[in-house]
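**Q** As input, take data35.pdb (PDB, C-alpha atoms):
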```pdb
ATOM      1  CA  MET A   1     -86.782 -50.408 -59.389
ATOM      2  CA  SER A   2     -90.154 -49.169 -58.278
ATOM      3  CA  TYR A   3     -91.380 -45.621 -58.796
ATOM      4  CA  TRP A   4     -90.974 -44.646 -55.106
ATOM      5  CA  LYS A   5     -87.513 -46.172 -54.835
ATOM      6  CA  GLY A   6     -86.490 -44.205 -57.898
ATOM      7  CA  ILE A   7     -87.631 -40.942 -56.313
ATOM      8  CA  VAL A   8     -85.797 -41.675 -53.040
ATOM      9  CA  THR A   9     -82.613 -42.669 -54.863
ATOM     10  CA  GLY A  10     -82.770 -39.583 -57.067
ATOM     11  CA  ALA A  11     -83.295 -37.307 -54.071
ATOM     12  CA  SER A  12     -80.311 -38.882 -52.306
ATOM     13  CA  LEU A  13     -78.120 -38.207 -55.320
ATOM     14  CA  VAL A  14     -79.232 -34.574 -55.409
ATOM     15  CA  VAL A  15     -78.441 -34.121 -51.692
ATOM     16  CA  ALA A  16     -75.043 -35.800 -52.099
ATOM     17  CA  ALA A  17     -74.199 -33.629 -55.089
ATOM     18  CA  GLY A  18     -75.257 -30.514 -53.199
ATOM     19  CA  SER A  19     -73.038 -31.458 -50.240
ATOM     20  CA  LEU A  20     -70.087 -32.025 -52.557
ATOM     21  CA  ILE A  21     -70.539 -28.643 -54.200
ATOM     22  CA  ALA A  22     -70.916 -26.900 -50.810
ATOM     23  CA  ALA A  23     -67.682 -28.501 -49.609
ATOM     24  CA  THR A  24     -65.767 -27.008 -52.522
ATOM     25  CA  VAL A  25     -67.194 -23.477 -52.135
ATOM     26  CA  PRO A  26     -65.181 -21.235 -49.734
ATOM     27  CA  ALA A  27     -66.940 -19.799 -46.697
ATOM     28  CA  ARG A  28     -68.762 -16.576 -47.378
ATOM     29  CA  LYS A  29     -66.987 -13.443 -46.214
ATOM     30  CA  LEU A  30     -69.012 -10.640 -44.664
ATOM     31  CA  GLY A  31     -67.643  -7.168 -45.091
ATOM     32  CA  THR A  32     -69.695  -5.362 -42.446
ATOM     33  CA  ILE A  33     -72.075  -6.540 -39.734
ATOM     34  CA  ASP A  34     -74.206  -4.087 -37.760
ATOM     35  CA  VAL A  35     -75.327  -5.556 -34.440
ATOM     36  CA  GLU A  36     -76.244  -4.303 -30.965
ATOM     37  CA  ARG A  37     -74.979  -7.358 -29.067
ATOM     38  CA  ILE A  38     -73.100 -10.607 -29.745
ATOM     39  CA  ASN A  39     -73.195 -13.605 -27.377
ATOM     40  CA  VAL A  40     -70.413 -16.183 -27.813
ATOM     41  CA  ARG A  41     -71.327 -19.600 -26.376
ATOM     42  CA  GLU A  42     -69.760 -23.016 -26.011
ATOM     43  CA  PRO A  43     -71.422 -25.985 -27.769
ATOM     44  CA  ASP A  44     -73.260 -26.789 -24.514
ATOM     45  CA  GLY A  45     -74.729 -23.275 -24.410
ATOM     46  CA  THR A  46     -72.432 -21.819 -21.727
ATOM     47  CA  LEU A  47     -72.003 -18.094 -22.312
ATOM     48  CA  ARG A  48     -68.296 -17.134 -22.527
ATOM     49  CA  LEU A  49     -68.185 -13.665 -24.077
ATOM     50  CA  VAL A  50     -70.565 -10.749 -24.617
ATOM     51  CA  ILE A  51     -69.795  -7.867 -26.980
ATOM     52  CA  ALA A  52     -72.344  -5.082 -26.745
ATOM     53  CA  GLY A  53     -73.104  -1.422 -27.198
ATOM     54  CA  ARG A  54     -74.034   0.785 -24.273
ATOM     55  CA  ASP A  55     -77.797   0.214 -24.382
ATOM     56  CA  ARG A  56     -77.426  -3.574 -24.659
ATOM     57  CA  PHE A  57     -74.511  -4.054 -22.256
ATOM     58  CA  PRO A  58     -75.292  -6.935 -19.884
ATOM     59  CA  GLY A  59     -75.562  -7.083 -16.133
ATOM     60  CA  GLU A  60     -73.432  -9.468 -14.096
ATOM     61  CA  PHE A  61     -73.331 -13.215 -14.687
ATOM     62  CA  VAL A  62     -73.088 -15.738 -11.855
ATOM     63  CA  LYS A  63     -73.143 -19.447 -12.743
ATOM     64  CA  GLY A  64     -74.923 -18.656 -15.997
ATOM     65  CA  GLN A  65     -77.555 -16.414 -14.396
ATOM     66  CA  GLU A  66     -77.627 -12.704 -15.253
ATOM     67  CA  LYS A  67     -78.095 -10.209 -12.413
ATOM     68  CA  PRO A  68     -79.068  -6.549 -12.995
ATOM     69  CA  ARG A  69     -76.293  -3.925 -12.952
ATOM     70  CA  PRO A  70     -77.844  -0.512 -13.726
ATOM     71  CA  ASP A  71     -74.456   1.110 -13.054
ATOM     72  CA  ARG A  72     -73.104  -0.479 -16.239
ATOM     73  CA  ARG A  73     -75.382   1.401 -18.603
ATOM     74  CA  HIS A  74     -72.827   4.113 -19.331
ATOM     75  CA  ALA A  75     -70.331   2.214 -21.481
ATOM     76  CA  ALA A  76     -69.939  -0.247 -24.342
ATOM     77  CA  GLY A  77     -67.521  -3.123 -24.328
ATOM     78  CA  MET A  78     -66.783  -6.790 -23.775
ATOM     79  CA  LEU A  79     -67.597  -9.024 -20.812
ATOM     80  CA  PHE A  80     -65.656 -12.263 -20.306
ATOM     81  CA  LEU A  81     -67.017 -15.317 -18.460
ATOM     82  CA  ASN A  82     -65.271 -18.438 -17.167
ATOM     83  CA  ASP A  83     -66.062 -22.096 -17.879
ATOM     84  CA  GLU A  84     -68.925 -21.964 -15.357
ATOM     85  CA  GLY A  85     -70.613 -18.932 -16.871
ATOM     86  CA  THR A  86     -69.421 -16.525 -14.158
ATOM     87  CA  GLU A  87     -67.921 -13.139 -14.970
ATOM     88  CA  ASN A  88     -64.136 -13.007 -14.734
ATOM     89  CA  GLY A  89     -63.116  -9.782 -16.475
ATOM     90  CA  GLY A  90     -64.096  -7.144 -18.945
ATOM     91  CA  LEU A  91     -63.164  -4.298 -21.246
ATOM     92  CA  ILE A  92     -65.329  -1.179 -21.308
ATOM     93  CA  TRP A  93     -65.000   2.321 -22.719
ATOM     94  CA  ALA A  94     -67.086   5.472 -22.919
ATOM     95  CA  GLY A  95     -66.756   9.118 -23.832
ATOM     96  CA  LYS A  96     -68.956  12.144 -24.268
ATOM     97  CA  LYS A  97     -69.098  15.872 -23.693
ATOM     98  CA  ASP A  98     -72.170  17.631 -22.367
ATOM     99  CA  ALA A  99     -73.041  20.878 -20.602
ATOM    100  CA  SER A 100     -71.142  19.765 -17.497
ATOM    101  CA  GLY A 101     -67.968  18.880 -19.400
ATOM    102  CA  VAL A 102     -66.068  15.820 -20.605
ATOM    103  CA  HIS A 103     -66.883  12.355 -19.279
ATOM    104  CA  ALA A 104     -64.659   9.648 -20.763
ATOM    105  CA  GLY A 105     -62.665   6.603 -19.816
ATOM    106  CA  ALA A 106     -61.718   2.984 -20.409
ATOM    107  CA  SER A 107     -61.052  -0.010 -18.176
ATOM    108  CA  LEU A 108     -59.606  -3.499 -18.668
ATOM    109  CA  THR A 109     -60.056  -5.808 -15.672
ATOM    110  CA  PHE A 110     -58.972  -9.317 -14.677
ATOM    111  CA  ASP A 111     -61.007 -10.927 -11.875
ATOM    112  CA  ARG A 112     -60.062 -13.526  -9.304
ATOM    113  CA  TYR A 113     -62.248 -16.640  -9.382
ATOM    114  CA  GLU A 114     -65.731 -15.607  -8.209
ATOM    115  CA  GLN A 115     -64.387 -12.271  -6.983
ATOM    116  CA  ASP A 116     -63.752  -8.751  -8.228
ATOM    117  CA  GLN A 117     -60.728  -7.523 -10.148
ATOM    118  CA  THR A 118     -57.174  -8.124  -8.985
ATOM    119  CA  LEU A 119     -55.618  -6.333 -11.964
ATOM    120  CA  GLN A 120     -56.940  -3.244 -13.741
ATOM    121  CA  LEU A 121     -55.758  -0.891 -16.464
ATOM    122  CA  LEU A 122     -57.738   2.329 -16.037
ATOM    123  CA  GLN A 123     -57.972   5.622 -17.894
ATOM    124  CA  THR A 124     -60.344   8.469 -17.046
ATOM    125  CA  ASP A 125     -60.782  11.963 -18.464
ATOM    126  CA  SER A 126     -62.890  14.784 -17.099
ATOM    127  CA  GLY A 127     -61.411  17.516 -19.260
ATOM    128  CA  ASP A 128     -59.283  19.402 -16.779
ATOM    129  CA  ARG A 129     -58.291  16.211 -14.955
ATOM    130  CA  HIS A 130     -57.141  12.939 -16.463
ATOM    131  CA  ASN A 131     -55.713   9.784 -14.914
ATOM    132  CA  ALA A 132     -54.116   6.635 -16.304
ATOM    133  CA  ALA A 133     -52.982   3.785 -14.093
ATOM    134  CA  LEU A 134     -52.126   0.171 -13.459
ATOM    135  CA  ILE A 135     -53.908  -0.959 -10.280
ATOM    136  CA  ILE A 136     -53.394  -4.220  -8.380
ATOM    137  CA  ASN A 137     -55.792  -5.341  -5.638
ATOM    138  CA  ASP A 138     -55.969  -8.126  -3.087
ATOM    139  CA  GLN A 139     -59.181 -10.147  -3.254
ATOM    140  CA  PRO A 140     -60.141 -12.835  -0.724
ATOM    141  CA  PRO A 141     -60.791 -16.402  -1.918
ATOM    142  CA  SER A 142     -64.208 -17.172  -3.366
ATOM    143  CA  GLN A 143     -66.920 -17.692  -0.794
ATOM    144  CA  PRO A 144     -68.951 -20.932  -0.358
ATOM    145  CA  GLU A 145     -71.799 -19.095  -2.038
ATOM    146  CA  TYR A 146     -70.840 -16.418  -4.543
ATOM    147  CA  VAL A 147     -72.060 -12.945  -3.650
ATOM    148  CA  ALA A 148     -72.841 -10.550  -6.507
ATOM    149  CA  LYS A 149     -70.620  -7.489  -6.763
ATOM    150  CA  GLY A 150     -73.409  -5.113  -7.695
ATOM    151  CA  PRO A 151     -74.340  -1.875  -5.907
ATOM    152  CA  GLY A 152     -75.327  -2.507  -2.301
ATOM    153  CA  ALA A 153     -74.078  -6.102  -2.344
ATOM    154  CA  LYS A 154     -72.224  -7.379   0.711
ATOM    155  CA  THR A 155     -68.759  -8.325  -0.510
ATOM    156  CA  PRO A 156     -65.552  -9.315   1.317
ATOM    157  CA  THR A 157     -63.000  -6.585   1.841
ATOM    158  CA  THR A 158     -60.878  -5.539  -1.140
ATOM    159  CA  ALA A 159     -57.448  -4.065  -0.466
ATOM    160  CA  ASN A 160     -55.678  -1.842  -3.002
ATOM    161  CA  ARG A 161     -51.990  -2.854  -3.021
ATOM    162  CA  LEU A 162     -50.315  -1.044  -5.920
ATOM    163  CA  PHE A 163     -51.019   2.058  -7.998
ATOM    164  CA  VAL A 164     -48.712   3.043 -10.860
ATOM    165  CA  GLY A 165     -49.749   5.902 -13.049
ATOM    166  CA  ARG A 166     -50.810   9.497 -13.256
ATOM    167  CA  SER A 167     -52.453  10.990 -10.191
ATOM    168  CA  ARG A 168     -54.070  14.394  -9.757
ATOM    169  CA  ASP A 169     -50.850  16.431  -9.897
ATOM    170  CA  GLY A 170     -48.274  14.175 -11.572
ATOM    171  CA  ALA A 171     -46.830  10.680 -11.896
ATOM    172  CA  ALA A 172     -47.015   8.408  -8.873
ATOM    173  CA  ILE A 173     -46.328   4.956  -7.460
ATOM    174  CA  MET A 174     -48.189   3.984  -4.306
ATOM    175  CA  LEU A 175     -47.585   0.807  -2.299
ATOM    176  CA  GLN A 176     -50.224  -0.204   0.261
ATOM    177  CA  ASP A 177     -50.403  -2.792   3.020
ATOM    178  CA  ALA A 178     -52.845  -5.699   3.361
ATOM    179  CA  LYS A 179     -55.479  -3.313   4.723
ATOM    180  CA  GLY A 180     -55.152  -0.971   1.753
ATOM    181  CA  THR A 181     -53.385   1.745   3.761
ATOM    182  CA  PRO A 182     -50.707   3.667   1.785
ATOM    183  CA  ARG A 183     -47.232   2.976   3.205
ATOM    184  CA  ILE A 184     -44.834   4.204   0.495
ATOM    185  CA  PHE A 185     -45.648   7.014  -1.923
ATOM    186  CA  LEU A 186     -43.277   7.963  -4.761
ATOM    187  CA  ARG A 187     -44.227  10.901  -6.948
ATOM    188  CA  VAL A 188     -43.023  13.463  -9.436
ATOM    189  CA  LYS A 189     -45.327  16.459  -9.655
ATOM    190  CA  ASP A 190     -46.106  18.364 -12.834
ATOM    191  CA  ASP A 191     -43.867  21.202 -11.630
ATOM    192  CA  GLY A 192     -40.889  18.804 -11.469
ATOM    193  CA  THR A 193     -40.631  18.383  -7.713
ATOM    194  CA  SER A 194     -40.202  14.798  -6.480
ATOM    195  CA  SER A 195     -40.349  12.902  -3.195
ATOM    196  CA  ILE A 196     -40.607   9.522  -1.494
ATOM    197  CA  ASP A 197     -42.918   9.453   1.499
ATOM    198  CA  PHE A 198     -43.052   6.707   4.128
ATOM    199  CA  LEU A 199     -46.331   6.407   6.021
ATOM    200  CA  ASP A 200     -47.403   4.659   9.222
ATOM    201  CA  GLN A 201     -50.305   2.259   9.721
ATOM    202  CA  ASP A 202     -52.684   5.222   9.933
ATOM    203  CA  GLY A 203     -51.537   6.643   6.599
ATOM    204  CA  LYS A 204     -49.616   9.550   8.132
ATOM    205  CA  VAL A 205     -46.249  10.578   6.670
ATOM    206  CA  VAL A 206     -43.459   9.693   9.129
ATOM    207  CA  ARG A 207     -40.513  10.373   6.841
ATOM    208  CA  SER A 208     -40.064  12.101   3.516
ATOM    209  CA  LEU A 209     -37.093  11.984   1.149
ATOM    210  CA  THR A 210     -36.480  14.693  -1.448
ATOM    211  CA  PRO A 211     -33.562  15.470  -3.781
ATOM    212  CA  ASN A 212     -32.357  17.936  -1.146
ATOM    213  CA  GLY A 213     -32.463  15.479   1.738
TER     214      GLY A 213
END
```
Taking this structure as input, can you express it in the form of structure tokens?

**A**
Amino acid sequence: MSYWKGIVTGASLVVAAGSLIAATVPARKLGTIDVERINVREPDGTLRLVIAGRDRFPGEFVKGQEKPRPDRRHAAGMLFLNDEGTENGGLIWAGKKDASGVHAGASLTFDRYEQDQTLQLLQTDSGDRHNAALIINDQPPSQPEYVAKGPGAKTPTTANRLFVGRSRDGAAIMLQDAKGTPRIFLRVKDDGTSSIDFLDQDGKVVRSLTPNG
């Protein structure tokens, strides 16, 4: 065996031995990781999940391209993207108290394909007023060319269809028609009074049922 062949063979044995040792050593466990943002991608590079603090929270993703969303700079959270790299839901939360009072809340949303949310769990707190609700919306089918949902963007009409939760003065269930107009309103106020209101196509109460009739 020549000198050079001996070196190559020896190096190969070292690499093989190193690989064997690495295979028998368990994966390293990290106790704590401090990061500002984590991007989770598929093997082909498609972004599927972003976890970020407030200052590094992303804009809106459409077909893998990020669009600015200055209105999202108030909360930290997670942004979910579909197989095409387009946003399809998210989880955000925020909370602080300043001279003007408490400003806090959280939101979990599920989007229709290339549209805004059809299902939302929402909680808000302004100190003297707090709401918590399940909200269901109608969203039209995706358009031939996706339109960003950012401020000022021209988007198809969204219709609120169901609200279940706490309103300004008590618990409430509101059912709305395809135009988003309230048609049935069930509520129990904080003082204990309750009612079921039926509304017309203009949102005006046409009949009201109470425990007394």

**Q** Which residues, named as in the file, does the PyMOL selection byres ((chain A and resi 195) around 7) pick out? Answer as a ChimeraX atom specification.

**A** /A:186-188,194,196-197,208-210

**Q** For region 166-168 of chain A, list every protein, DNA or RNA residue within 10 Å, evaluated using all atoms listed in the file, and leave out those in the same chain fewer than 3 positions away; present the list as a PyMOL selection string.

**A** chain A and resi 123+129-134+163+171-173+187-190

**Q** With C-alpha atoms retained, export the selected residues as a compact mmCIF listing (two decimals), in the frame of the given file.

**A**
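Ended up saving to selection-v2.txt:
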```txt
# COMPACT_ATOMS: atom_id res chain seq x y z
CA GLN A 123 -57.97 5.62 -17.89
CA ARG A 129 -58.29 16.21 -14.96
CA HIS A 130 -57.14 12.94 -16.46
CA ASN A 131 -55.71 9.78 -14.91
CA ALA A 132 -54.12 6.64 -16.30
CA ALA A 133 -52.98 3.78 -14.09
CA LEU A 134 -52.13 0.17 -13.46
CA PHE A 163 -51.02 2.06 -8.00
CA ALA A 171 -46.83 10.68 -11.90
CA ALA A 172 -47.02 8.41 -8.87
CA ILE A 173 -46.33 4.96 -7.46
CA ARG A 187 -44.23 10.90 -6.95
CA VAL A 188 -43.02 13.46 -9.44
CA LYS A 189 -45.33 16.46 -9.65
CA ASP A 190 -46.11 18.36 -12.83
```

**Q** Centre and edge lengths, as lines of an AutoDock Vina configuration file, for the axis-aligned box enclosing every listed atom of region 96-102 of chain A with 4 Å of padding on each of the six sides, in Å to one decimal?

**A**
```
center_x = -69.6
center_y = 16.5
center_z = -20.9
size_x = 15.0
size_y = 16.7
size_z = 14.8
```

**Q** Set the distance at 12 Å and use only C-alpha atoms: which residues neighbour Phe110 (chain A) once local chain neighbours fewer than 6 positions away are removed? I'd like the list as an NGL selection string.

**A** :A and (79-82 or 87-91 or 116-122 or 134-137 or 139)

**Q** Check which residues satisfy the PyMOL selection byres ((chain A and resi 205) around 12) in the file shown, then give them as a PDB file with C-alpha atoms, keeping the file's coordinate frame.

**A**
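Output saved as part_19.pdb:
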```
ATOM      1  CA  THR A 181     -53.385   1.745   3.761  1.00  0.00           C
ATOM      2  CA  PRO A 182     -50.707   3.667   1.785  1.00  0.00           C
ATOM      3  CA  ARG A 183     -47.232   2.976   3.205  1.00  0.00           C
ATOM      4  CA  ILE A 184     -44.834   4.204   0.495  1.00  0.00           C
ATOM      5  CA  PHE A 185     -45.648   7.014  -1.923  1.00  0.00           C
ATOM      6  CA  SER A 195     -40.349  12.902  -3.195  1.00  0.00           C
ATOM      7  CA  ILE A 196     -40.607   9.522  -1.494  1.00  0.00           C
ATOM      8  CA  ASP A 197     -42.918   9.453   1.499  1.00  0.00           C
ATOM      9  CA  PHE A 198     -43.052   6.707   4.128  1.00  0.00           C
ATOM     10  CA  LEU A 199     -46.331   6.407   6.021  1.00  0.00           C
ATOM     11  CA  ASP A 200     -47.403   4.659   9.222  1.00  0.00           C
ATOM     12  CA  GLN A 201     -50.305   2.259   9.721  1.00  0.00           C
ATOM     13  CA  ASP A 202     -52.684   5.222   9.933  1.00  0.00           C
ATOM     14  CA  GLY A 203     -51.537   6.643   6.599  1.00  0.00           C
ATOM     15  CA  LYS A 204     -49.616   9.550   8.132  1.00  0.00           C
ATOM     16  CA  VAL A 206     -43.459   9.693   9.129  1.00  0.00           C
ATOM     17  CA  ARG A 207     -40.513  10.373   6.841  1.00  0.00           C
ATOM     18  CA  SER A 208     -40.064  12.101   3.516  1.00  0.00           C
ATOM     19  CA  LEU A 209     -37.093  11.984   1.149  1.00  0.00           C
TER      20      LEU A 209
END
```

**Q** Please evaluate the PyMOL selection byres ((chain A and resi 48-52) around 9) against the structure above and give the resulting residues as an NGL selection string.

**A** :A and (35-42 or 46-47 or 53-58 or 76-87)

**Q** Between A:Ala75, A:Val164, A:Val62, A:Ala27, which is the closest to Trp93 (chain A) once you count only C-alpha atoms?

**A**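 Ranking A:Ala75, A:Val164, A:Val62, A:Ala27 by distance to Trp93 (chain A), first place goes to A:Ala75.
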
**Q** Report the distance between CA of Ile92 (chain A) and CA of Ala104 (chain A) in Å, rounded to one decimal place.

**A**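 Atom-to-atom, CA of Ile92 (chain A) to CA of Ala104 (chain A), that is 10.9 Å.
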
**Q** I'd like the interatomic distance between CA of Ala94 (chain A) and CA of Asp128 (chain A), to a tenth of an Å.

**A**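 CA of Ala94 (chain A) sits 17.1 Å away from CA of Asp128 (chain A).
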
**Q** Which distance in Å separates CA of Gly165 (chain A) and CA of Arg112 (chain A), to one decimal?

**A**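 Result for CA of Gly165 (chain A) versus CA of Arg112 (chain A): 22.3 Å, one decimal.
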
**Q** Please identify all polymer residues within 12 Å of Lys96 (chain A), counting only C-alpha atoms, omitting same-chain residues fewer than 4 positions from it, and present them as an NGL selection string.

**A** :A and (74-75 or 100-105 or 124-127)

**Q** Quick one: residues within 9 Å of Lys179 (chain A), all atoms listed in the file counted, chain neighbours fewer than 2 positions away excluded, as a PyMOL selection string?

**A** chain A and resi 157-161+176-177+181-182

**Q** Produce region 100-127 of chain A of the given structure as output with N, CA and C atoms, as a tab-separated table (two decimals), in the first residue's frame.

**A**
```tsv
chain	number	residue	atom	x	y	z
A	100	SER	N	-53.27	55.24	30.20
A	100	SER	CA	-54.66	55.24	29.73
A	100	SER	C	-55.45	54.02	30.20
A	101	GLY	N	-54.76	53.07	30.85
A	101	GLY	CA	-55.46	51.90	31.37
A	101	GLY	C	-54.90	50.59	30.88
A	102	VAL	N	-55.73	49.53	30.99
A	102	VAL	CA	-55.33	48.19	30.59
A	102	VAL	C	-55.63	47.96	29.12
A	103	HIS	N	-54.68	47.32	28.43
A	103	HIS	CA	-54.86	46.95	27.03
A	103	HIS	C	-54.35	45.51	26.88
A	104	ALA	N	-55.26	44.55	26.83
A	104	ALA	CA	-54.85	43.15	26.79
A	104	ALA	C	-55.83	42.33	25.96
A	105	GLY	N	-55.34	41.18	25.50
A	105	GLY	CA	-56.22	40.31	24.74
A	105	GLY	C	-55.48	39.16	24.10
A	106	ALA	N	-56.25	38.22	23.55
A	106	ALA	CA	-55.70	37.07	22.85
A	106	ALA	C	-56.68	36.64	21.78
A	107	SER	N	-56.14	36.03	20.71
A	107	SER	CA	-56.99	35.62	19.59
A	107	SER	C	-56.41	34.39	18.92
A	108	LEU	N	-57.27	33.39	18.68
A	108	LEU	CA	-56.91	32.21	17.91
A	108	LEU	C	-57.83	32.16	16.71
A	109	THR	N	-57.26	32.15	15.49
A	109	THR	CA	-58.07	32.23	14.28
A	109	THR	C	-57.78	31.07	13.34
A	110	PHE	N	-58.82	30.69	12.58
A	110	PHE	CA	-58.72	29.65	11.56
A	110	PHE	C	-59.25	30.27	10.25
A	111	ASP	N	-58.41	30.35	9.23
A	111	ASP	CA	-58.77	31.02	7.99
A	111	ASP	C	-59.31	30.05	6.94
A	112	ARG	N	-60.20	30.56	6.10
A	112	ARG	CA	-60.58	29.82	4.90
A	112	ARG	C	-59.44	29.95	3.89
A	113	TYR	N	-59.36	29.02	2.96
A	113	TYR	CA	-58.27	29.04	1.97
A	113	TYR	C	-58.20	30.39	1.26
A	114	GLU	N	-57.07	31.05	1.39
A	114	GLU	CA	-56.80	32.36	0.78
A	114	GLU	C	-57.86	33.39	1.14
A	115	GLN	N	-58.36	33.30	2.38
A	115	GLN	CA	-59.32	34.29	2.87
A	115	GLN	C	-59.04	34.56	4.35
A	116	ASP	N	-59.89	35.37	4.95
A	116	ASP	CA	-59.73	35.71	6.36
A	116	ASP	C	-60.37	34.63	7.22
A	117	GLN	N	-60.44	34.90	8.53
A	117	GLN	CA	-60.88	33.86	9.45
A	117	GLN	C	-62.36	33.54	9.35
A	118	THR	N	-62.67	32.25	9.46
A	118	THR	CA	-64.05	31.80	9.55
A	118	THR	C	-64.40	31.39	10.98
A	119	LEU	N	-63.38	31.14	11.79
A	119	LEU	CA	-63.58	30.77	13.18
A	119	LEU	C	-62.56	31.50	14.04
A	120	GLN	N	-63.04	32.09	15.14
A	120	GLN	CA	-62.15	32.87	16.01
A	120	GLN	C	-62.54	32.69	17.47
A	121	LEU	N	-61.54	32.48	18.31
A	121	LEU	CA	-61.70	32.55	19.76
A	121	LEU	C	-61.04	33.85	20.19
A	122	LEU	N	-61.79	34.73	20.81
A	122	LEU	CA	-61.30	36.08	21.10
A	122	LEU	C	-61.52	36.45	22.55
A	123	GLN	N	-60.52	37.09	23.14
A	123	GLN	CA	-60.63	37.62	24.49
A	123	GLN	C	-59.97	39.00	24.52
A	124	THR	N	-60.68	39.98	25.06
A	124	THR	CA	-60.14	41.33	25.18
A	124	THR	C	-60.41	41.87	26.58
A	125	ASP	N	-59.54	42.76	27.03
A	125	ASP	CA	-59.66	43.32	28.38
A	125	ASP	C	-59.18	44.76	28.36
A	126	SER	N	-60.07	45.66	28.71
A	126	SER	CA	-59.70	47.07	28.81
A	126	SER	C	-59.87	47.58	30.24
A	127	GLY	N	-59.79	46.68	31.19
A	127	GLY	CA	-59.92	47.06	32.59
A	127	GLY	C	-61.36	47.01	33.05
```
